[in-house]
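Next comes entry.pdb, with PDB, C-alpha atoms and all ligand atoms.
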ATOM      1  CA  MET A  37    -194.010  27.569-120.724
ATOM      2  CA  THR A  38    -194.480  31.289-120.219
ATOM      3  CA  ASP A  39    -194.808  32.768-116.777
ATOM      4  CA  ILE A  40    -198.063  34.642-116.379
ATOM      5  CA  VAL A  41    -197.851  37.637-114.088
ATOM      6  CA  TYR A  42    -200.447  40.056-112.758
ATOM      7  CA  LEU A  43    -199.981  43.796-113.174
ATOM      8  CA  ASN A  44    -202.617  46.368-112.204
ATOM      9  CA  GLY A  45    -205.674  44.362-113.217
ATOM     10  CA  ASP A  46    -204.236  42.317-116.088
ATOM     11  CA  PHE A  47    -202.793  38.826-116.361
ATOM     12  CA  LEU A  48    -200.075  38.783-119.023
ATOM     13  CA  PRO A  49    -196.827  37.045-120.038
ATOM     14  CA  ILE A  50    -193.916  38.311-117.940
ATOM     15  CA  GLU A  51    -192.088  39.605-121.046
ATOM     16  CA  GLU A  52    -194.987  41.960-121.737
ATOM     17  CA  ALA A  53    -195.277  43.447-118.245
ATOM     18  CA  ARG A  54    -194.121  47.085-118.121
ATOM     19  CA  ILE A  55    -194.075  49.766-115.444
ATOM     20  CA  PRO A  56    -193.535  53.512-115.956
ATOM     21  CA  VAL A  57    -190.050  54.722-115.021
ATOM     22  CA  LEU A  58    -191.521  57.186-112.519
ATOM     23  CA  ASP A  59    -192.978  54.370-110.439
ATOM     24  CA  ARG A  60    -191.819  55.142-106.894
ATOM     25  CA  GLY A  61    -190.822  51.518-106.484
ATOM     26  CA  PHE A  62    -188.249  52.046-109.254
ATOM     27  CA  ILE A  63    -187.174  55.534-108.140
ATOM     28  CA  PHE A  64    -187.191  55.188-104.319
ATOM     29  CA  GLY A  65    -187.780  51.511-103.482
ATOM     30  CA  ASP A  66    -191.079  52.854-102.101
ATOM     31  CA  GLY A  67    -193.055  49.658-101.780
ATOM     32  CA  VAL A  68    -193.596  46.424 -99.900
ATOM     33  CA  TYR A  69    -193.792  42.751-100.792
ATOM     34  CA  GLU A  70    -194.683  39.265 -99.624
ATOM     35  CA  VAL A  71    -193.521  35.798-100.631
ATOM     36  CA  ILE A  72    -196.202  33.181-100.056
ATOM     37  CA  PRO A  73    -195.386  29.485-100.419
ATOM     38  CA  THR A  74    -198.148  27.341-101.893
ATOM     39  CA  TYR A  75    -198.248  23.576-101.515
ATOM     40  CA  GLN A  76    -200.397  21.542-103.921
ATOM     41  CA  ALA A  77    -202.060  24.824-105.014
ATOM     42  CA  ARG A  78    -202.903  25.832-101.439
ATOM     43  CA  PRO A  79    -201.289  28.948 -99.947
ATOM     44  CA  PHE A  80    -199.604  28.317 -96.593
ATOM     45  CA  ARG A  81    -200.529  30.717 -93.774
ATOM     46  CA  LEU A  82    -202.175  33.148 -96.181
ATOM     47  CA  SER A  83    -203.955  35.114 -93.484
ATOM     48  CA  ALA A  84    -200.671  35.682 -91.597
ATOM     49  CA  HIS A  85    -199.012  36.910 -94.803
ATOM     50  CA  LEU A  86    -201.888  39.306 -95.465
ATOM     51  CA  ILE A  87    -201.742  40.623 -91.887
ATOM     52  CA  ARG A  88    -197.996  41.266 -92.255
ATOM     53  CA  LEU A  89    -198.637  42.921 -95.629
ATOM     54  CA  GLN A  90    -201.155  45.246 -93.985
ATOM     55  CA  HIS A  91    -198.604  46.075 -91.272
ATOM     56  CA  SER A  92    -195.979  46.985 -93.894
ATOM     57  CA  LEU A  93    -198.496  49.097 -95.837
ATOM     58  CA  ASP A  94    -199.663  50.876 -92.667
ATOM     59  CA  ARG A  95    -196.078  51.729 -91.723
ATOM     60  CA  LEU A  96    -195.630  53.414 -95.127
ATOM     61  CA  ARG A  97    -199.128  54.930 -95.234
ATOM     62  CA  ILE A  98    -200.002  53.147 -98.470
ATOM     63  CA  THR A  99    -203.673  52.222 -98.747
ATOM     64  CA  ASN A 100    -204.197  48.510 -99.251
ATOM     65  CA  PRO A 101    -205.582  48.280-102.790
ATOM     66  CA  HIS A 102    -207.402  44.987-102.109
ATOM     67  CA  SER A 103    -209.563  43.278 -99.521
ATOM     68  CA  THR A 104    -208.565  39.927 -98.040
ATOM     69  CA  GLU A 105    -211.059  38.218-100.352
ATOM     70  CA  GLN A 106    -209.639  39.966-103.406
ATOM     71  CA  TRP A 107    -206.090  38.976-102.434
ATOM     72  CA  SER A 108    -207.185  35.360-101.964
ATOM     73  CA  GLU A 109    -208.815  35.367-105.396
ATOM     74  CA  LEU A 110    -205.805  36.980-107.064
ATOM     75  CA  ILE A 111    -203.417  34.484-105.520
ATOM     76  CA  ALA A 112    -205.665  31.570-106.477
ATOM     77  CA  ALA A 113    -205.770  32.887-110.058
ATOM     78  CA  MET A 114    -201.976  33.196-110.151
ATOM     79  CA  ILE A 115    -201.600  29.603-108.972
ATOM     80  CA  ALA A 116    -204.092  28.374-111.575
ATOM     81  CA  LYS A 117    -202.428  30.300-114.411
ATOM     82  CA  ASN A 118    -198.933  28.983-113.683
ATOM     83  CA  PRO A 119    -199.245  25.194-113.520
ATOM     84  CA  ASN A 120    -195.940  23.329-113.545
ATOM     85  CA  PRO A 121    -196.032  19.623-114.412
ATOM     86  CA  HIS A 122    -192.686  19.117-112.615
ATOM     87  CA  ASN A 123    -193.510  20.912-109.375
ATOM     88  CA  PRO A 124    -196.926  21.287-107.731
ATOM     89  CA  ASN A 125    -195.606  23.878-105.288
ATOM     90  CA  GLN A 126    -195.229  27.561-106.093
ATOM     91  CA  SER A 127    -193.808  30.644-104.506
ATOM     92  CA  ILE A 128    -196.122  33.610-105.063
ATOM     93  CA  TYR A 129    -194.355  36.971-104.962
ATOM     94  CA  LEU A 130    -196.559  40.021-104.560
ATOM     95  CA  GLN A 131    -195.431  43.617-104.563
ATOM     96  CA  ILE A 132    -197.234  46.897-104.021
ATOM     97  CA  THR A 133    -195.558  50.221-104.659
ATOM     98  CA  ARG A 134    -196.947  53.641-103.832
ATOM     99  CA  GLY A 135    -197.497  54.268-107.549
ATOM    100  CA  VAL A 136    -196.352  56.641-110.262
ATOM    101  CA  ALA A 137    -195.671  60.337-109.567
ATOM    102  CA  LYS A 138    -193.239  63.141-110.395
ATOM    103  CA  ARG A 139    -190.038  62.520-108.422
ATOM    104  CA  ASP A 140    -190.351  64.087-104.969
ATOM    105  CA  HIS A 141    -189.352  62.483-101.677
ATOM    106  CA  ALA A 142    -192.589  63.442 -99.876
ATOM    107  CA  TYR A 143    -195.510  61.090-100.389
ATOM    108  CA  PRO A 144    -197.737  62.356-103.217
ATOM    109  CA  SER A 145    -201.469  62.284-102.496
ATOM    110  CA  ASN A 146    -204.118  60.527-104.531
ATOM    111  CA  ILE A 147    -201.958  58.173-106.538
ATOM    112  CA  THR A 148    -202.907  54.618-107.349
ATOM    113  CA  PRO A 149    -200.628  51.883-105.987
ATOM    114  CA  THR A 150    -198.946  49.569-108.482
ATOM    115  CA  VAL A 151    -199.804  45.910-107.832
ATOM    116  CA  PHE A 152    -197.626  43.137-109.240
ATOM    117  CA  LEU A 153    -197.703  39.373-108.674
ATOM    118  CA  MET A 154    -195.521  36.633-110.113
ATOM    119  CA  SER A 155    -195.108  32.936-109.484
ATOM    120  CA  SER A 156    -192.001  30.771-109.435
ATOM    121  CA  PRO A 157    -191.554  27.103-108.674
ATOM    122  CA  LEU A 158    -191.109  26.663-104.927
ATOM    123  CA  VAL A 159    -187.699  25.100-104.390
ATOM    124  CA  THR A 160    -187.196  24.000-100.806
ATOM    125  CA  PRO A 161    -183.849  22.619 -99.530
ATOM    126  CA  SER A 162    -182.749  19.308-101.034
ATOM    127  CA  ALA A 163    -182.443  16.159 -98.948
ATOM    128  CA  ASP A 164    -178.651  16.495 -99.219
ATOM    129  CA  LEU A 165    -178.669  20.032 -97.864
ATOM    130  CA  ILE A 166    -180.990  19.044 -95.021
ATOM    131  CA  ALA A 167    -178.667  16.160 -94.163
ATOM    132  CA  SER A 168    -175.430  18.176 -94.325
ATOM    133  CA  GLY A 169    -176.637  21.507 -92.970
ATOM    134  CA  VAL A 170    -175.277  24.782 -94.348
ATOM    135  CA  ARG A 171    -172.380  27.145 -93.860
ATOM    136  CA  CYS A 172    -173.016  30.713 -92.691
ATOM    137  CA  VAL A 173    -170.929  33.759 -91.880
ATOM    138  CA  THR A 174    -171.634  36.550 -89.417
ATOM    139  CA  ALA A 175    -171.669  40.331 -89.846
ATOM    140  CA  GLN A 176    -172.732  43.463 -88.039
ATOM    141  CA  ASP A 177    -176.333  44.324 -88.883
ATOM    142  CA  ASN A 178    -175.950  47.746 -90.457
ATOM    143  CA  ARG A 179    -179.442  47.970 -91.966
ATOM    144  CA  TRP A 180    -181.952  50.654 -91.057
ATOM    145  CA  LEU A 181    -184.135  50.522 -87.932
ATOM    146  CA  ASN A 182    -187.393  49.592 -89.722
ATOM    147  CA  CYS A 183    -186.673  45.938 -90.410
ATOM    148  CA  ASP A 184    -190.262  45.028 -89.440
ATOM    149  CA  ILE A 185    -191.387  46.563 -92.751
ATOM    150  CA  LYS A 186    -191.153  44.023 -95.559
ATOM    151  CA  SER A 187    -189.801  46.720 -97.835
ATOM    152  CA  ILE A 188    -188.725  46.134-101.424
ATOM    153  CA  ALA A 189    -185.726  48.388-100.631
ATOM    154  CA  LEU A 190    -183.447  45.455 -99.821
ATOM    155  CA  LEU A 191    -180.017  46.810-100.687
ATOM    156  CA  GLY A 192    -178.803  46.525 -97.075
ATOM    157  CA  ASN A 193    -179.906  42.883 -97.031
ATOM    158  CA  CYS A 194    -178.350  42.239-100.451
ATOM    159  CA  MET A 195    -174.977  43.710 -99.390
ATOM    160  CA  LEU A 196    -174.961  41.520 -96.280
ATOM    161  CA  ARG A 197    -176.069  38.426 -98.174
ATOM    162  CA  GLN A 198    -173.222  38.954-100.646
ATOM    163  CA  GLN A 199    -170.698  38.513 -97.826
ATOM    164  CA  SER A 200    -171.794  34.872 -97.502
ATOM    165  CA  ALA A 201    -172.311  34.411-101.243
ATOM    166  CA  ASP A 202    -168.710  35.500-101.840
ATOM    167  CA  ILE A 203    -167.434  32.387-100.065
ATOM    168  CA  GLY A 204    -170.198  30.066-101.285
ATOM    169  CA  ALA A 205    -172.033  30.090 -97.934
ATOM    170  CA  THR A 206    -175.807  30.107 -97.523
ATOM    171  CA  GLU A 207    -176.577  33.028 -95.223
ATOM    172  CA  THR A 208    -175.150  35.926 -93.255
ATOM    173  CA  ILE A 209    -176.197  35.897 -89.606
ATOM    174  CA  LEU A 210    -176.452  39.378 -88.151
ATOM    175  CA  PHE A 211    -175.651  41.015 -84.827
ATOM    176  CA  ARG A 212    -176.529  44.495 -83.703
ATOM    177  CA  GLY A 213    -173.839  45.269 -81.160
ATOM    178  CA  ASP A 214    -173.748  42.178 -78.981
ATOM    179  CA  GLU A 215    -177.210  40.842 -79.872
ATOM    180  CA  LEU A 216    -178.452  38.479 -82.544
ATOM    181  CA  THR A 217    -181.057  40.005 -84.869
ATOM    182  CA  GLU A 218    -181.743  37.725 -87.845
ATOM    183  CA  ALA A 219    -180.056  36.748 -91.129
ATOM    184  CA  SER A 220    -180.123  38.559 -94.481
ATOM    185  CA  SER A 221    -183.333  36.787 -95.554
ATOM    186  CA  SER A 222    -184.141  34.414 -92.686
ATOM    187  CA  ASN A 223    -184.838  34.363 -88.973
ATOM    188  CA  VAL A 224    -182.428  32.614 -86.609
ATOM    189  CA  PHE A 225    -182.896  30.153 -83.732
ATOM    190  CA  VAL A 226    -180.180  28.673 -81.536
ATOM    191  CA  VAL A 227    -180.192  25.699 -79.189
ATOM    192  CA  LYS A 228    -178.120  25.843 -76.020
ATOM    193  CA  ASP A 229    -178.238  23.086 -73.398
ATOM    194  CA  GLY A 230    -181.555  21.828 -74.775
ATOM    195  CA  VAL A 231    -183.240  25.246 -74.766
ATOM    196  CA  LEU A 232    -184.405  26.864 -78.012
ATOM    197  CA  LEU A 233    -183.648  30.598 -78.098
ATOM    198  CA  THR A 234    -184.725  33.275 -80.553
ATOM    199  CA  PRO A 235    -184.920  37.085 -80.396
ATOM    200  CA  PRO A 236    -188.328  38.685 -79.814
ATOM    201  CA  LYS A 237    -190.164  40.606 -82.532
ATOM    202  CA  SER A 238    -189.141  44.238 -82.784
ATOM    203  CA  ASN A 239    -188.251  46.871 -85.348
ATOM    204  CA  LEU A 240    -184.886  45.098 -85.691
ATOM    205  CA  ILE A 241    -186.193  41.935 -87.336
ATOM    206  CA  LEU A 242    -188.780  40.868 -89.861
ATOM    207  CA  SER A 243    -191.651  39.081 -88.210
ATOM    208  CA  GLY A 244    -191.207  35.800 -90.080
ATOM    209  CA  ILE A 245    -194.190  33.607 -90.816
ATOM    210  CA  THR A 246    -191.938  30.535 -90.464
ATOM    211  CA  TYR A 247    -190.541  31.976 -87.197
ATOM    212  CA  ASP A 248    -194.106  32.101 -85.857
ATOM    213  CA  VAL A 249    -194.825  28.540 -86.986
ATOM    214  CA  VAL A 250    -191.623  27.221 -85.388
ATOM    215  CA  ILE A 251    -192.441  28.961 -82.090
ATOM    216  CA  GLU A 252    -196.006  27.639 -82.246
ATOM    217  CA  ILE A 253    -194.800  24.072 -82.817
ATOM    218  CA  ALA A 254    -192.135  24.384 -80.118
ATOM    219  CA  ARG A 255    -194.721  25.499 -77.560
ATOM    220  CA  ALA A 256    -197.310  22.901 -78.585
ATOM    221  CA  ARG A 257    -194.740  20.092 -78.404
ATOM    222  CA  GLU A 258    -193.234  21.244 -75.129
ATOM    223  CA  PHE A 259    -189.788  22.166 -76.375
ATOM    224  CA  GLN A 260    -188.069  24.405 -73.869
ATOM    225  CA  ILE A 261    -188.148  27.751 -75.616
ATOM    226  CA  GLU A 262    -187.192  31.269 -74.593
ATOM    227  CA  VAL A 263    -188.048  34.219 -76.818
ATOM    228  CA  ARG A 264    -185.604  36.814 -75.529
ATOM    229  CA  PRO A 265    -182.479  38.713 -76.582
ATOM    230  CA  VAL A 266    -179.734  36.287 -77.651
ATOM    231  CA  SER A 267    -176.107  37.330 -77.225
ATOM    232  CA  THR A 268    -173.232  36.893 -79.651
ATOM    233  CA  ALA A 269    -171.567  34.568 -77.118
ATOM    234  CA  GLU A 270    -174.677  32.342 -77.043
ATOM    235  CA  VAL A 271    -174.650  32.080 -80.821
ATOM    236  CA  PHE A 272    -170.950  31.227 -81.003
ATOM    237  CA  SER A 273    -171.265  28.594 -78.260
ATOM    238  CA  ALA A 274    -174.591  27.165 -79.496
ATOM    239  CA  ASP A 275    -175.159  23.429 -79.777
ATOM    240  CA  GLU A 276    -177.395  24.026 -82.802
ATOM    241  CA  ILE A 277    -178.245  26.979 -85.027
ATOM    242  CA  TRP A 278    -181.242  27.033 -87.385
ATOM    243  CA  ILE A 279    -182.304  29.500 -90.048
ATOM    244  CA  THR A 280    -185.952  29.736 -91.057
ATOM    245  CA  SER A 281    -187.875  31.241 -93.963
ATOM    246  CA  SER A 282    -190.823  30.418 -96.203
ATOM    247  CA  THR A 283    -188.555  28.917 -98.863
ATOM    248  CA  LYS A 284    -185.740  27.545 -96.660
ATOM    249  CA  GLU A 285    -188.289  26.207 -94.152
ATOM    250  CA  VAL A 286    -186.041  25.095 -91.260
ATOM    251  CA  LEU A 287    -182.391  24.545 -92.093
ATOM    252  CA  ALA A 288    -179.513  23.569 -89.797
ATOM    253  CA  VAL A 289    -176.377  25.721 -89.765
ATOM    254  CA  THR A 290    -173.465  23.358 -89.246
ATOM    255  CA  GLU A 291    -170.583  25.769 -89.827
ATOM    256  CA  LEU A 292    -170.344  29.372 -88.664
ATOM    257  CA  ASP A 293    -167.424  31.592 -89.693
ATOM    258  CA  GLY A 294    -165.474  28.472 -90.646
ATOM    259  CA  LYS A 295    -165.980  26.658 -87.316
ATOM    260  CA  PRO A 296    -168.313  23.716 -86.654
ATOM    261  CA  VAL A 297    -171.564  24.416 -84.823
ATOM    262  CA  GLY A 298    -171.891  21.818 -82.033
ATOM    263  CA  ASP A 299    -170.523  18.579 -83.458
ATOM    264  CA  GLY A 300    -170.787  19.912 -87.015
ATOM    265  CA  GLN A 301    -173.887  17.860 -87.829
ATOM    266  CA  PRO A 302    -177.582  18.859 -87.886
ATOM    267  CA  GLY A 303    -178.720  18.448 -84.291
ATOM    268  CA  PHE A 304    -181.306  16.288 -82.582
ATOM    269  CA  LEU A 305    -183.769  19.124 -81.952
ATOM    270  CA  PHE A 306    -183.415  20.331 -85.542
ATOM    271  CA  LYS A 307    -184.395  16.911 -86.872
ATOM    272  CA  ARG A 308    -187.393  16.801 -84.568
ATOM    273  CA  MET A 309    -188.499  20.319 -85.490
ATOM    274  CA  LEU A 310    -188.119  19.727 -89.225
ATOM    275  CA  ALA A 311    -190.256  16.580 -89.043
ATOM    276  CA  LEU A 312    -192.905  18.457 -87.048
ATOM    277  CA  TYR A 313    -192.768  21.370 -89.495
ATOM    278  CA  GLN A 314    -193.356  19.059 -92.484
ATOM    279  CA  GLN A 315    -196.280  17.478 -90.669
ATOM    280  CA  PHE A 316    -197.679  20.906 -89.750
ATOM    281  CA  LYS A 317    -197.508  21.985 -93.417
ATOM    282  CA  GLN A 318    -199.613  19.012 -94.482
ATOM    283  CA  GLU A 319    -202.198  19.625 -91.808
ATOM    284  CA  HIS A 320    -202.451  23.418 -91.853
ATOM    285  CA  ALA A 321    -202.659  24.632 -95.445
ATOM    286  CA  ASP A 322    -205.020  27.619 -95.355
TER     287      ASP A 322
HETATM  288  C1  LIG B 401    -184.949  39.756 -93.521
HETATM  289  C2  LIG B 401    -185.821  38.548 -93.431
HETATM  290  N1  LIG B 401    -186.013  37.973 -92.234
HETATM  291  C3  LIG B 401    -186.777  36.871 -92.101
HETATM  292  C4  LIG B 401    -187.396  36.286 -93.203
HETATM  293  C5  LIG B 401    -188.242  35.059 -93.027
HETATM  294  O1  LIG B 401    -189.613  35.361 -93.183
HETATM  295  P1  LIG B 401    -190.670  34.274 -93.635
HETATM  296  O2  LIG B 401    -190.562  33.138 -92.674
HETATM  297  O3  LIG B 401    -191.978  34.979 -93.544
HETATM  298  O4  LIG B 401    -190.309  33.860 -95.030
HETATM  299  C6  LIG B 401    -187.233  36.868 -94.466
HETATM  300  C7  LIG B 401    -187.896  36.274 -95.634
HETATM  301  O5  LIG B 401    -187.699  36.649 -96.749
HETATM  302  C8  LIG B 401    -186.438  38.026 -94.578
HETATM  303  O6  LIG B 401    -186.250  38.618 -95.775
END
As structure tokens, how would this structure be written, given the file I've shared?
Ligand SMILES: Cc1ncc(COP(=O)(O)O)c(C=O)c1O
Amino acid sequence: MTDIVYLNGDFLPIEEARIPVLDRGFIFGDGVYEVIPTYQARPFRLSAHLIRLQHSLDRLRITNPHSTEQWSELIAAMIAKNPNPHNPNQSIYLQITRGVAKRDHAYPSNITPTVFLMSSPLVTPSADLIASGVRCVTAQDNRWLNCDIKSIALLGNCMLRQQSADIGATETILFRGDELTEASSSNVFVVKDGVLLTPPKSNLILSGITYDVVIEIARAREFQIEVRPVSTAEVFSADEIWITSSTKEVLAVTELDGKPVGDGQPGFLFKRMLALYQQFKQEHAD
């Protein structure tokens, strides 16, 4: 089965999709992206993804090439064109770059953004991984100070992620100085003495869609939750640590830098949150 992608107005097999070498996405990483999970052909939290996309575009002064309705139609078309008999759930990747222009750091005027969408099967954590939890390592967050932009320029994230990949671990959890920020491609929550803690939104973290859902569920279900700076000491003495993202959903971290987190098993609050998250997904496809 061939993957059908969308490029600047056309649907075509992925092998046939081409971009000019002077695309600023290729030359400068000058573009933004979104990853939207779809369950049973329905995008999850589409409006939140499109709001975050607009934020990223605004920060880079790229004009949004499409209206909300056009994005919804494009995404629906991508889902329809990439059916998978083995998996009804897809991950829709969309990317916008500033467009093609002679190489010059300053933003060129009047160029047309490049729009690209592709679909892959959505692979969420296996039952085994949910039951065992995952291993993570920590590192200093040495990325730039615009982490709220969902930029395609992800080399900082890739270098940090590789530190965990090198030892077969799942994620690299990041600290800026003495404070938790996020992980290389996830947000982070910790549980300490029954209280759920996570850092507030800022330019130092990506405003995760899953992060928002987890906070929403926690508040609706009367978890004790504090959205405030979280110190390194709180992370290393946490009873539970969770990582969240659209594809990882909510995953328990059971080993950090080679030491068990809490009793080394996914915690009680994690199990409750994951069950509530799965229920929320069923009820809130939009
Ligand atoms: C750096 C970073 N933080 C957090 C997230 C989680 O965001 P979301 O829940 O919207 O997938 C991601 C997702 O890719 C990410 O790359």
* To do: Go through A:Ala167, A:Ile203, A:Leu240, A:Val136 one by one, measure the shortest atom-to-atom distance of each to ligand LIG 401 (chain B) using only C-alpha atoms and all ligand atoms, and give the residue with the smallest value.
  =>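 Selected residue with least distance to ligand LIG 401 (chain B): A:Leu240.
Between CA of Ala219 in chain A and CA of Ser127 in chain A lies a distance of 20.1 Å.
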* To do: Could you give me, as a VMD selection string, every polymer residue with an atom at most 7 Å away from an atom of ligand LIG 401 (chain B), counting all atoms listed in the file?
  => chain A and resid 71 193 218 to 223 241 to 247 280 to 283
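With CA of Val68 in chain A on one side and CA of Asn123 in chain A on the other, the separation reads 27.2 Å.
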* Taking the file as shown, what set of residues would the PyMOL selection byres (((chain A and resi 145) around 12) and not hetatm) give back, as a PyMOL selection string? -> chain A and resi 97-99+134-138+140+142-144+146-149
Per-axis box centre and lengths in Å around range 189-199 of chain A, 3 Å margin per side, axis-aligned, as JSON:
{"center_x": -178.2, "center_y": 43.4, "center_z": -98.5, "size_x": 21.0, "size_y": 16.0, "size_z": 10.4}
* **Shell of 12 Å around Gln318 in chain A, only C-alpha atoms, local chain residues under 2 positions omitted, as a ChimeraX atom specification** => /A:74-76,78-81,311-316,320-322
